[in-house]
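Containing compact mmCIF, N, CA and C atoms: entry.txt.
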```txt
# COMPACT_ATOMS: atom_id res chain seq x y z
N MET A 1 121.29 71.41 14.98
CA MET A 1 120.55 72.20 15.93
C MET A 1 120.79 71.69 17.34
N ARG A 2 120.84 70.38 17.50
CA ARG A 2 121.07 69.79 18.81
C ARG A 2 122.44 70.22 19.34
N ARG A 3 123.45 70.30 18.47
CA ARG A 3 124.79 70.70 18.87
C ARG A 3 124.81 72.16 19.34
N VAL A 4 124.08 73.04 18.66
CA VAL A 4 124.01 74.46 19.05
C VAL A 4 123.36 74.58 20.42
N GLY A 5 122.31 73.82 20.65
CA GLY A 5 121.64 73.84 21.96
C GLY A 5 122.57 73.39 23.06
N GLY A 6 123.38 72.37 22.79
CA GLY A 6 124.33 71.88 23.79
C GLY A 6 125.41 72.91 24.10
N ILE A 7 125.86 73.61 23.07
CA ILE A 7 126.88 74.64 23.26
C ILE A 7 126.29 75.79 24.09
N CYS A 8 125.07 76.20 23.77
CA CYS A 8 124.41 77.28 24.53
C CYS A 8 124.25 76.88 26.00
N ALA A 9 123.87 75.64 26.25
CA ALA A 9 123.70 75.18 27.62
C ALA A 9 125.03 75.20 28.37
N ALA A 10 126.09 74.79 27.69
CA ALA A 10 127.42 74.78 28.32
C ALA A 10 127.87 76.20 28.64
N VAL A 11 127.63 77.14 27.73
CA VAL A 11 128.01 78.54 27.96
C VAL A 11 127.23 79.10 29.14
N LEU A 12 125.92 78.84 29.20
CA LEU A 12 125.09 79.34 30.31
C LEU A 12 125.54 78.73 31.64
N ALA A 13 125.89 77.47 31.65
CA ALA A 13 126.35 76.82 32.87
C ALA A 13 127.67 77.43 33.35
N ALA A 14 128.57 77.69 32.42
CA ALA A 14 129.85 78.30 32.78
C ALA A 14 129.64 79.71 33.32
N ALA A 15 128.73 80.47 32.72
CA ALA A 15 128.44 81.83 33.19
C ALA A 15 127.85 81.79 34.59
N ALA A 16 127.01 80.84 34.87
CA ALA A 16 126.40 80.72 36.20
C ALA A 16 127.46 80.40 37.25
N MET A 17 128.42 79.56 36.89
CA MET A 17 129.48 79.22 37.83
C MET A 17 130.35 80.43 38.13
N VAL A 18 130.65 81.24 37.14
CA VAL A 18 131.50 82.41 37.34
C VAL A 18 130.79 83.43 38.22
N THR A 19 129.50 83.68 38.00
CA THR A 19 128.79 84.67 38.80
C THR A 19 128.48 84.15 40.19
N ALA A 20 128.53 82.86 40.42
CA ALA A 20 128.25 82.32 41.74
C ALA A 20 129.41 82.57 42.70
N CYS A 21 130.61 82.81 42.18
CA CYS A 21 131.77 83.09 43.02
C CYS A 21 131.81 84.57 43.30
N ALA A 22 131.57 84.95 44.52
CA ALA A 22 131.60 86.36 44.90
C ALA A 22 132.73 86.58 45.88
N SER A 23 133.19 87.81 45.96
CA SER A 23 134.27 88.11 46.89
C SER A 23 133.75 88.08 48.32
N ASP A 24 134.65 87.85 49.24
CA ASP A 24 134.34 87.86 50.66
C ASP A 24 133.90 89.26 51.04
N PRO A 25 132.79 89.44 51.77
CA PRO A 25 132.33 90.78 52.12
C PRO A 25 133.39 91.62 52.84
N ASP A 26 134.21 91.01 53.70
CA ASP A 26 135.25 91.77 54.37
C ASP A 26 136.31 92.25 53.40
N ASP A 27 136.60 91.45 52.38
CA ASP A 27 137.60 91.84 51.41
C ASP A 27 137.11 92.98 50.52
N ALA A 28 135.79 93.12 50.40
CA ALA A 28 135.25 94.19 49.58
C ALA A 28 135.43 95.55 50.26
N VAL A 29 135.67 95.55 51.55
CA VAL A 29 135.85 96.80 52.29
C VAL A 29 137.33 97.15 52.22
N GLN A 30 137.72 97.73 51.13
CA GLN A 30 139.11 98.11 50.93
C GLN A 30 139.20 99.62 50.94
N LEU A 31 140.22 100.13 51.58
CA LEU A 31 140.46 101.55 51.55
C LEU A 31 141.41 101.86 50.42
N THR A 32 141.21 102.99 49.81
CA THR A 32 142.16 103.44 48.82
C THR A 32 143.36 103.99 49.57
N VAL A 33 144.50 103.45 49.28
CA VAL A 33 145.70 103.87 49.98
C VAL A 33 146.13 105.22 49.40
N PRO A 34 146.19 106.26 50.26
CA PRO A 34 146.65 107.54 49.76
C PRO A 34 148.10 107.43 49.34
N GLN A 35 148.51 108.33 48.45
CA GLN A 35 149.90 108.29 48.02
C GLN A 35 150.78 108.51 49.23
N GLN A 36 151.71 107.61 49.43
CA GLN A 36 152.60 107.66 50.57
C GLN A 36 154.02 107.92 50.07
N PRO A 37 154.81 108.62 50.89
CA PRO A 37 156.22 108.75 50.51
C PRO A 37 156.87 107.38 50.55
N THR A 38 158.00 107.25 49.88
CA THR A 38 158.66 105.96 49.84
C THR A 38 159.29 105.61 51.18
N THR A 39 159.46 106.59 52.04
CA THR A 39 159.97 106.32 53.38
C THR A 39 158.99 106.89 54.39
N ILE A 40 158.90 106.27 55.53
CA ILE A 40 158.04 106.76 56.61
C ILE A 40 158.86 107.74 57.44
N VAL A 41 158.33 108.92 57.62
CA VAL A 41 159.01 109.93 58.42
C VAL A 41 158.24 110.07 59.72
N THR A 42 158.93 109.89 60.83
CA THR A 42 158.29 110.05 62.13
C THR A 42 158.75 111.37 62.73
N VAL A 43 157.80 112.22 63.07
CA VAL A 43 158.11 113.50 63.68
C VAL A 43 158.63 113.24 65.10
N ALA A 44 159.68 113.93 65.48
CA ALA A 44 160.22 113.76 66.82
C ALA A 44 159.14 114.07 67.85
N GLN A 45 159.06 113.24 68.84
CA GLN A 45 158.05 113.41 69.88
C GLN A 45 158.40 114.60 70.76
N SER A 46 157.40 115.38 71.08
CA SER A 46 157.58 116.51 71.97
C SER A 46 157.76 115.99 73.40
N SER A 47 158.56 116.70 74.18
CA SER A 47 158.70 116.30 75.58
C SER A 47 157.50 116.77 76.39
N GLU A 48 156.69 117.64 75.79
CA GLU A 48 155.50 118.13 76.46
C GLU A 48 154.37 117.12 76.31
N THR A 49 153.78 116.73 77.42
CA THR A 49 152.68 115.79 77.37
C THR A 49 151.41 116.45 77.89
N PHE A 50 150.30 115.97 77.43
CA PHE A 50 149.01 116.52 77.79
C PHE A 50 148.16 115.41 78.40
N PRO A 51 147.44 115.72 79.48
CA PRO A 51 146.61 114.70 80.12
C PRO A 51 145.43 114.31 79.23
N ALA A 52 144.85 113.19 79.54
CA ALA A 52 143.67 112.74 78.79
C ALA A 52 142.62 113.85 78.80
N ASN A 53 142.02 114.10 77.65
CA ASN A 53 141.05 115.19 77.53
C ASN A 53 139.61 114.70 77.47
N GLY A 54 139.40 113.41 77.66
CA GLY A 54 138.04 112.88 77.63
C GLY A 54 137.51 112.57 76.25
N VAL A 55 138.30 112.85 75.22
CA VAL A 55 137.88 112.58 73.84
C VAL A 55 138.39 111.21 73.43
N THR A 56 137.52 110.43 72.79
CA THR A 56 137.91 109.12 72.28
C THR A 56 137.61 109.05 70.79
N GLU A 57 138.58 108.61 70.03
CA GLU A 57 138.43 108.36 68.60
C GLU A 57 138.55 106.86 68.38
N LEU A 58 137.90 106.36 67.34
CA LEU A 58 137.87 104.92 67.08
C LEU A 58 138.61 104.56 65.80
N VAL A 59 139.33 103.45 65.85
CA VAL A 59 139.97 102.87 64.67
C VAL A 59 139.56 101.41 64.62
N ASP A 60 139.00 100.98 63.49
CA ASP A 60 138.62 99.58 63.30
C ASP A 60 139.75 98.83 62.60
N ALA A 61 140.04 97.64 63.09
CA ALA A 61 140.98 96.74 62.42
C ALA A 61 140.14 95.71 61.68
N LEU A 62 140.10 95.83 60.35
CA LEU A 62 139.40 94.85 59.53
C LEU A 62 140.41 93.76 59.17
N ASP A 63 140.03 92.86 58.31
CA ASP A 63 140.95 91.78 57.97
C ASP A 63 141.99 92.17 56.94
N ASN A 64 141.91 93.37 56.40
CA ASN A 64 142.91 93.78 55.42
C ASN A 64 143.43 95.20 55.63
N ASN A 65 142.82 95.96 56.53
CA ASN A 65 143.22 97.34 56.70
C ASN A 65 142.70 97.93 58.01
N PHE A 66 143.19 99.11 58.32
CA PHE A 66 142.68 99.88 59.44
C PHE A 66 141.78 100.98 58.87
N ARG A 67 140.71 101.27 59.59
CA ARG A 67 139.80 102.32 59.12
C ARG A 67 139.48 103.23 60.28
N PRO A 68 139.77 104.54 60.23
CA PRO A 68 140.43 105.22 59.12
C PRO A 68 141.93 104.88 59.08
N GLN A 69 142.50 105.03 57.92
CA GLN A 69 143.91 104.72 57.77
C GLN A 69 144.77 105.86 58.33
N VAL A 70 144.30 107.08 58.22
CA VAL A 70 144.99 108.24 58.78
C VAL A 70 144.01 108.95 59.70
N LEU A 71 144.44 109.21 60.92
CA LEU A 71 143.60 109.86 61.92
C LEU A 71 144.39 111.03 62.51
N THR A 72 143.79 112.22 62.53
CA THR A 72 144.42 113.39 63.14
C THR A 72 143.64 113.74 64.40
N ILE A 73 144.37 113.84 65.51
CA ILE A 73 143.75 114.11 66.81
C ILE A 73 144.57 115.16 67.55
N THR A 74 144.03 115.67 68.64
CA THR A 74 144.81 116.56 69.50
C THR A 74 145.40 115.74 70.65
N ALA A 75 146.53 116.22 71.16
CA ALA A 75 147.21 115.52 72.26
C ALA A 75 146.25 115.37 73.44
N GLY A 76 146.29 114.22 74.07
CA GLY A 76 145.40 113.91 75.19
C GLY A 76 144.20 113.08 74.77
N THR A 77 144.04 112.82 73.47
CA THR A 77 142.91 112.04 72.96
C THR A 77 143.20 110.56 73.11
N THR A 78 142.18 109.81 73.52
CA THR A 78 142.27 108.36 73.59
C THR A 78 141.85 107.79 72.24
N VAL A 79 142.63 106.87 71.73
CA VAL A 79 142.26 106.15 70.50
C VAL A 79 141.96 104.71 70.91
N THR A 80 140.77 104.24 70.56
CA THR A 80 140.39 102.87 70.84
C THR A 80 140.38 102.09 69.53
N PHE A 81 141.21 101.07 69.47
CA PHE A 81 141.30 100.16 68.33
C PHE A 81 140.38 98.98 68.62
N THR A 82 139.54 98.60 67.67
CA THR A 82 138.65 97.45 67.83
C THR A 82 138.89 96.49 66.68
N ASN A 83 139.09 95.22 67.01
CA ASN A 83 139.25 94.19 65.98
C ASN A 83 137.85 93.77 65.53
N VAL A 84 137.41 94.31 64.40
CA VAL A 84 136.10 93.97 63.85
C VAL A 84 136.21 92.91 62.76
N GLY A 85 137.40 92.37 62.57
CA GLY A 85 137.61 91.35 61.56
C GLY A 85 137.37 89.96 62.10
N ARG A 86 137.68 88.98 61.26
CA ARG A 86 137.52 87.57 61.64
C ARG A 86 138.82 86.95 62.10
N ASN A 87 139.93 87.67 61.93
CA ASN A 87 141.25 87.13 62.24
C ASN A 87 141.89 87.87 63.40
N VAL A 88 142.86 87.22 64.01
CA VAL A 88 143.67 87.87 65.03
C VAL A 88 144.53 88.92 64.33
N HIS A 89 144.69 90.07 64.97
CA HIS A 89 145.53 91.15 64.46
C HIS A 89 146.42 91.64 65.58
N ASN A 90 147.21 92.66 65.28
CA ASN A 90 147.93 93.40 66.30
C ASN A 90 148.06 94.83 65.84
N VAL A 91 148.45 95.70 66.74
CA VAL A 91 148.69 97.10 66.44
C VAL A 91 150.08 97.40 66.99
N VAL A 92 151.04 97.55 66.08
CA VAL A 92 152.43 97.66 66.48
C VAL A 92 153.03 98.95 65.89
N PRO A 93 153.65 99.77 66.74
CA PRO A 93 154.33 100.96 66.21
C PRO A 93 155.38 100.56 65.17
N ALA A 94 155.49 101.34 64.10
CA ALA A 94 156.43 101.01 63.03
C ALA A 94 157.87 100.96 63.52
N ASP A 95 158.18 101.71 64.57
CA ASP A 95 159.56 101.74 65.07
C ASP A 95 159.74 100.95 66.36
N ASP A 96 158.74 100.13 66.72
CA ASP A 96 158.80 99.36 67.96
C ASP A 96 158.02 98.05 67.79
N THR A 97 158.62 97.08 67.13
CA THR A 97 157.91 95.84 66.80
C THR A 97 157.52 95.01 68.01
N THR A 98 158.06 95.31 69.18
CA THR A 98 157.66 94.58 70.39
C THR A 98 156.51 95.27 71.10
N ALA A 99 156.07 96.43 70.59
CA ALA A 99 154.98 97.21 71.19
C ALA A 99 155.25 97.54 72.65
N SER A 100 156.50 97.86 72.95
CA SER A 100 156.86 98.19 74.34
C SER A 100 156.48 99.62 74.70
N THR A 101 156.33 100.52 73.72
CA THR A 101 155.96 101.90 74.01
C THR A 101 154.45 102.09 73.99
N TRP A 102 153.78 101.46 73.07
CA TRP A 102 152.32 101.45 72.98
C TRP A 102 151.97 100.38 71.96
N GLY A 103 150.72 100.02 71.87
CA GLY A 103 150.28 99.00 70.93
C GLY A 103 149.87 97.73 71.63
N VAL A 104 149.35 96.81 70.85
CA VAL A 104 148.88 95.54 71.40
C VAL A 104 149.33 94.42 70.47
N LEU A 105 149.84 93.36 71.06
CA LEU A 105 150.28 92.21 70.27
C LEU A 105 149.10 91.28 70.00
N ASP A 106 149.28 90.33 69.09
CA ASP A 106 148.19 89.48 68.64
C ASP A 106 147.56 88.66 69.75
N ALA A 107 148.28 88.31 70.79
CA ALA A 107 147.70 87.53 71.88
C ALA A 107 146.57 88.29 72.57
N GLY A 108 146.61 89.62 72.51
CA GLY A 108 145.58 90.42 73.15
C GLY A 108 144.62 91.09 72.21
N PHE A 109 144.63 90.71 70.93
CA PHE A 109 143.80 91.43 69.96
C PHE A 109 143.07 90.46 69.02
N ALA A 110 142.36 89.52 69.61
CA ALA A 110 141.53 88.57 68.86
C ALA A 110 140.29 89.30 68.35
N PRO A 111 139.50 88.67 67.48
CA PRO A 111 138.26 89.32 67.03
C PRO A 111 137.41 89.80 68.20
N LYS A 112 136.87 90.98 68.06
CA LYS A 112 136.00 91.69 69.02
C LYS A 112 136.78 92.32 70.18
N ALA A 113 138.09 92.13 70.24
CA ALA A 113 138.89 92.73 71.31
C ALA A 113 139.10 94.22 71.03
N THR A 114 139.36 94.98 72.09
CA THR A 114 139.67 96.39 71.96
C THR A 114 140.98 96.70 72.67
N TYR A 115 141.61 97.77 72.24
CA TYR A 115 142.83 98.28 72.86
C TYR A 115 142.75 99.80 72.81
N SER A 116 143.01 100.46 73.93
CA SER A 116 142.95 101.92 73.98
C SER A 116 144.28 102.48 74.45
N TYR A 117 144.61 103.66 73.91
CA TYR A 117 145.85 104.34 74.28
C TYR A 117 145.62 105.84 74.20
N VAL A 118 146.11 106.56 75.21
CA VAL A 118 146.03 108.03 75.21
C VAL A 118 147.30 108.55 74.55
N PHE A 119 147.15 109.25 73.43
CA PHE A 119 148.28 109.85 72.74
C PHE A 119 148.50 111.23 73.36
N ALA A 120 149.47 111.31 74.27
CA ALA A 120 149.68 112.50 75.08
C ALA A 120 150.68 113.48 74.49
N SER A 121 151.51 113.04 73.56
CA SER A 121 152.54 113.90 72.98
C SER A 121 152.29 114.14 71.50
N PRO A 122 152.42 115.40 71.06
CA PRO A 122 152.29 115.67 69.63
C PRO A 122 153.34 114.91 68.83
N GLY A 123 152.99 114.50 67.63
CA GLY A 123 153.91 113.78 66.74
C GLY A 123 153.14 112.95 65.75
N THR A 124 153.85 112.19 64.95
CA THR A 124 153.25 111.29 63.97
C THR A 124 153.56 109.86 64.40
N TYR A 125 152.51 109.08 64.57
CA TYR A 125 152.64 107.71 65.04
C TYR A 125 152.24 106.77 63.90
N ASN A 126 153.22 106.09 63.32
CA ASN A 126 152.97 105.11 62.26
C ASN A 126 152.88 103.73 62.89
N TYR A 127 151.90 102.95 62.47
CA TYR A 127 151.70 101.62 63.04
C TYR A 127 151.24 100.67 61.95
N TYR A 128 151.27 99.37 62.27
CA TYR A 128 150.82 98.36 61.31
C TYR A 128 150.50 97.07 62.02
N CYS A 129 149.87 96.15 61.31
CA CYS A 129 149.64 94.79 61.80
C CYS A 129 150.76 93.94 61.22
N THR A 130 151.59 93.37 62.09
CA THR A 130 152.74 92.59 61.61
C THR A 130 152.32 91.29 60.93
N ILE A 131 151.09 90.87 61.18
CA ILE A 131 150.59 89.64 60.57
C ILE A 131 150.14 89.88 59.14
N HIS A 132 149.53 91.03 58.87
CA HIS A 132 148.90 91.30 57.58
C HIS A 132 149.45 92.52 56.86
N GLY A 133 150.60 93.02 57.26
CA GLY A 133 151.13 94.20 56.58
C GLY A 133 152.58 94.47 56.92
N THR A 134 153.02 95.61 56.46
CA THR A 134 154.35 96.14 56.76
C THR A 134 154.15 97.60 57.15
N PRO A 135 155.19 98.29 57.58
CA PRO A 135 155.01 99.70 57.93
C PRO A 135 154.54 100.58 56.76
N THR A 136 154.68 100.10 55.53
CA THR A 136 154.31 100.93 54.38
C THR A 136 153.33 100.29 53.41
N ALA A 137 152.86 99.08 53.68
CA ALA A 137 151.97 98.42 52.73
C ALA A 137 150.95 97.55 53.46
N ALA A 138 149.84 97.31 52.80
CA ALA A 138 148.76 96.46 53.28
C ALA A 138 148.10 97.05 54.51
N MET A 139 148.20 96.41 55.65
CA MET A 139 147.47 96.81 56.85
C MET A 139 148.35 97.72 57.72
N PHE A 140 148.28 99.03 57.45
CA PHE A 140 149.07 100.00 58.19
C PHE A 140 148.27 101.29 58.37
N GLY A 141 148.70 102.13 59.28
CA GLY A 141 148.00 103.38 59.52
C GLY A 141 148.90 104.42 60.16
N THR A 142 148.35 105.62 60.28
CA THR A 142 149.08 106.75 60.85
C THR A 142 148.15 107.55 61.75
N ILE A 143 148.65 107.93 62.91
CA ILE A 143 147.93 108.84 63.79
C ILE A 143 148.78 110.08 63.93
N VAL A 144 148.21 111.22 63.55
CA VAL A 144 148.89 112.51 63.65
C VAL A 144 148.33 113.21 64.88
N VAL A 145 149.19 113.51 65.83
CA VAL A 145 148.78 114.14 67.08
C VAL A 145 149.27 115.58 67.09
N THR A 146 148.34 116.51 67.22
CA THR A 146 148.68 117.93 67.25
C THR A 146 148.55 118.46 68.67
N ALA A 147 149.21 119.58 68.94
CA ALA A 147 149.10 120.22 70.25
C ALA A 147 147.69 120.80 70.38
N PRO A 148 147.14 120.78 71.60
CA PRO A 148 145.78 121.33 71.78
C PRO A 148 145.74 122.84 71.57
```
Now that the file is in, can you turn its structure into structure tokens?
Amino acid sequence: MRRVGGICAAVLAAAAMVTACASDPDDAVQLTVPQQPTTIVTVAQSSETFPANGVTELVDALDNNFRPQVLTITAGTTVTFTNVGRNVHNVVPADDTTASTWGVLDAGFAPKATYSYVFASPGTYNYYCTIHGTPTAAMFGTIVVTAP
């Protein structure tokens, strides 16, 4: 009987240890990645540009993803990216890893930092965090800009 009691105590202790380990709250905020084509297709940018229209949309950079992952806006809309995670991130166009056309590198995108950009030309803008993703996996996103 004493041996059975010892085994029961060991099982209960092991169960308590397993349930005490919980996932990081930031890691629990995962987006379901929509089915993506195997290649990223970027729509050719229109030469027609539209001035800022006073509309601002928000994209949060968490520690594992961007939310929303896909955003559709009209040309002239400002998109403000906010680093709401605990780590440094960046927002880099998939076809411009130096962020020379738009985007923000990690030196300017620490936790709580923001970056805004007016998307003036219709097209599809694919971007990612070079620290935590690739253009097609992990921390990446797409902004679809339509004509007004």
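Backbone DSSP over stretch 75-138 of chain A yields strand (DSSP E) at A:Thr77, A:Thr78, A:Val79, A:Thr80, A:Phe81, A:Thr82, A:Asn83, A:Val92, A:Pro93, A:Thr114, A:Tyr115, A:Ser116, A:Tyr117, A:Val118, A:Phe119, A:Gly123, A:Thr124, A:Tyr125, A:Asn126, A:Tyr127, A:Tyr128, A:Cys129, A:Thr130, A:Ile131, A:His132, A:Gly133, A:Thr134, A:Ala137, A:Ala138.
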**OP:** Write out as a ChimeraX atom specification each polymer residue whose atoms come within 9 Å of stretch 125-127 of chain A, counting only C-alpha atoms; drop sequence neighbours fewer than 6 positions from it.
**Re:** /A:40-43,91-96,103,134-135,139-145
Mind writing the picked residues with N, CA and C atoms as a compact mmCIF listing (two decimals), keeping the file's coordinate frame?
```txt
# COMPACT_ATOMS: atom_id res chain seq x y z
N ILE A 40 158.90 106.27 55.53
CA ILE A 40 158.04 106.76 56.61
C ILE A 40 158.86 107.74 57.44
N VAL A 41 158.33 108.92 57.62
CA VAL A 41 159.01 109.93 58.42
C VAL A 41 158.24 110.07 59.72
N THR A 42 158.93 109.89 60.83
CA THR A 42 158.29 110.05 62.13
C THR A 42 158.75 111.37 62.73
N VAL A 43 157.80 112.22 63.07
CA VAL A 43 158.11 113.50 63.68
C VAL A 43 158.63 113.24 65.10
N VAL A 91 148.45 95.70 66.74
CA VAL A 91 148.69 97.10 66.44
C VAL A 91 150.08 97.40 66.99
N VAL A 92 151.04 97.55 66.08
CA VAL A 92 152.43 97.66 66.48
C VAL A 92 153.03 98.95 65.89
N PRO A 93 153.65 99.77 66.74
CA PRO A 93 154.33 100.96 66.21
C PRO A 93 155.38 100.56 65.17
N ALA A 94 155.49 101.34 64.10
CA ALA A 94 156.43 101.01 63.03
C ALA A 94 157.87 100.96 63.52
N ASP A 95 158.18 101.71 64.57
CA ASP A 95 159.56 101.74 65.07
C ASP A 95 159.74 100.95 66.36
N ASP A 96 158.74 100.13 66.72
CA ASP A 96 158.80 99.36 67.96
C ASP A 96 158.02 98.05 67.79
N GLY A 103 150.72 100.02 71.87
CA GLY A 103 150.28 99.00 70.93
C GLY A 103 149.87 97.73 71.63
N THR A 134 153.02 95.61 56.46
CA THR A 134 154.35 96.14 56.76
C THR A 134 154.15 97.60 57.15
N PRO A 135 155.19 98.29 57.58
CA PRO A 135 155.01 99.70 57.93
C PRO A 135 154.54 100.58 56.76
N MET A 139 148.20 96.41 55.65
CA MET A 139 147.47 96.81 56.85
C MET A 139 148.35 97.72 57.72
N PHE A 140 148.28 99.03 57.45
CA PHE A 140 149.07 100.00 58.19
C PHE A 140 148.27 101.29 58.37
N GLY A 141 148.70 102.13 59.28
CA GLY A 141 148.00 103.38 59.52
C GLY A 141 148.90 104.42 60.16
N THR A 142 148.35 105.62 60.28
CA THR A 142 149.08 106.75 60.85
C THR A 142 148.15 107.55 61.75
N ILE A 143 148.65 107.93 62.91
CA ILE A 143 147.93 108.84 63.79
C ILE A 143 148.78 110.08 63.93
N VAL A 144 148.21 111.22 63.55
CA VAL A 144 148.89 112.51 63.65
C VAL A 144 148.33 113.21 64.88
N VAL A 145 149.19 113.51 65.83
CA VAL A 145 148.78 114.14 67.08
C VAL A 145 149.27 115.58 67.09
```
Original post:
Of the candidates A:Cys129, A:Thr56, A:Thr80, A:Asn65, which one gets nearest to A:Tyr115 if we count only C-alpha atoms?
Top reply: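 Selected residue with least distance to A:Tyr115: A:Thr80.
Among the candidates A:Tyr128, A:Tyr117, A:Phe109, A:Trp102, the residue lying nearest to A:Pro51 is A:Tyr117 (atoms considered: only C-alpha atoms).
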Subject >> Using only N, CA and C atoms: which of A:Leu71, A:Val118, A:Gly123, A:His132 has the shortest distance to A:His89 >> reply: A:His132
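Distance-wise, atom CA of A:Ala75 and atom CA of A:Glu48 end up 9.7 Å apart.
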Neighbour list for A:Thr49 as an mmCIF file with N, CA and C atoms, in the frame of the given file, cut-off 12 Å, only C-alpha atoms, skip fewer than 6 positions in-chain:
```cif
data_model
loop_
_atom_site.group_PDB
_atom_site.id
_atom_site.type_symbol
_atom_site.label_atom_id
_atom_site.label_comp_id
_atom_site.auth_asym_id
_atom_site.auth_seq_id
_atom_site.Cartn_x
_atom_site.Cartn_y
_atom_site.Cartn_z
ATOM 1 N N THR A 74 144.030 115.670 68.640
ATOM 2 C CA THR A 74 144.810 116.560 69.500
ATOM 3 C C THR A 74 145.400 115.740 70.650
ATOM 4 N N ALA A 75 146.530 116.220 71.160
ATOM 5 C CA ALA A 75 147.210 115.520 72.260
ATOM 6 C C ALA A 75 146.250 115.370 73.440
ATOM 7 N N GLY A 76 146.290 114.220 74.070
ATOM 8 C CA GLY A 76 145.400 113.910 75.190
ATOM 9 C C GLY A 76 144.200 113.080 74.770
ATOM 10 N N THR A 77 144.040 112.820 73.470
ATOM 11 C CA THR A 77 142.910 112.040 72.960
ATOM 12 C C THR A 77 143.200 110.560 73.110
ATOM 13 N N VAL A 118 146.110 106.560 75.210
ATOM 14 C CA VAL A 118 146.030 108.030 75.210
ATOM 15 C C VAL A 118 147.300 108.550 74.550
ATOM 16 N N PHE A 119 147.150 109.250 73.430
ATOM 17 C CA PHE A 119 148.280 109.850 72.740
ATOM 18 C C PHE A 119 148.500 111.230 73.360
ATOM 19 N N ALA A 120 149.470 111.310 74.270
ATOM 20 C CA ALA A 120 149.680 112.500 75.080
ATOM 21 C C ALA A 120 150.680 113.480 74.490
ATOM 22 N N SER A 121 151.510 113.040 73.560
ATOM 23 C CA SER A 121 152.540 113.900 72.980
ATOM 24 C C SER A 121 152.290 114.140 71.500
ATOM 25 N N PRO A 122 152.420 115.400 71.060
ATOM 26 C CA PRO A 122 152.290 115.670 69.630
ATOM 27 C C PRO A 122 153.340 114.910 68.830
ATOM 28 N N GLY A 123 152.990 114.500 67.630
ATOM 29 C CA GLY A 123 153.910 113.780 66.740
ATOM 30 C C GLY A 123 153.140 112.950 65.750
ATOM 31 N N VAL A 145 149.190 113.510 65.830
ATOM 32 C CA VAL A 145 148.780 114.140 67.080
ATOM 33 C C VAL A 145 149.270 115.580 67.090
ATOM 34 N N THR A 146 148.340 116.510 67.220
ATOM 35 C CA THR A 146 148.680 117.930 67.250
ATOM 36 C C THR A 146 148.550 118.460 68.670
ATOM 37 N N ALA A 147 149.210 119.580 68.940
ATOM 38 C CA ALA A 147 149.100 120.220 70.250
ATOM 39 C C ALA A 147 147.690 120.800 70.380
ATOM 40 N N PRO A 148 147.140 120.780 71.600
ATOM 41 C CA PRO A 148 145.780 121.330 71.780
ATOM 42 C C PRO A 148 145.740 122.840 71.570
#
```
**OP:** Enter the distance from atom CA of A:Pro111 to atom CA of A:Ala52, in Å, rounded to one decimal.
**Re:** 26.8 Å
Subject >> Residues within 6 Å of (141.5, 104.2, 71.3), file coords, only N, CA and C atoms, listed as a list in words >> reply: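 With a cut-off of 6 Å, the residues come to Glu57, Leu58, Val59, Thr78, Val79, Thr80, Phe81, Tyr115, Ser116 and Tyr117 of chain A.
The two atoms in question, atom CA of A:Asp60 and atom CA of A:Asn83, are spaced 6.1 Å apart.
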**OP:** Point out the residue among A:Val88, A:Ala61, A:Ile73, A:Ile131 with the least atom-to-atom distance to A:Gly108, counting only C-alpha atoms.
**Re:** A:Val88
Listed atoms of stretch 135-142 of chain A boxed axis-aligned with 3 Å per side, centre + edges as JSON:
```
{"center_x": 151.3, "center_y": 102.0, "center_z": 57.2, "size_x": 13.7, "size_y": 17.1, "size_z": 15.0}
```
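Using only N, CA and C atoms for every distance, the candidate list A:Gln69, A:Asp63, A:Ala99, A:Val104 yields A:Asp63 as the residue closest to A:Gly85.
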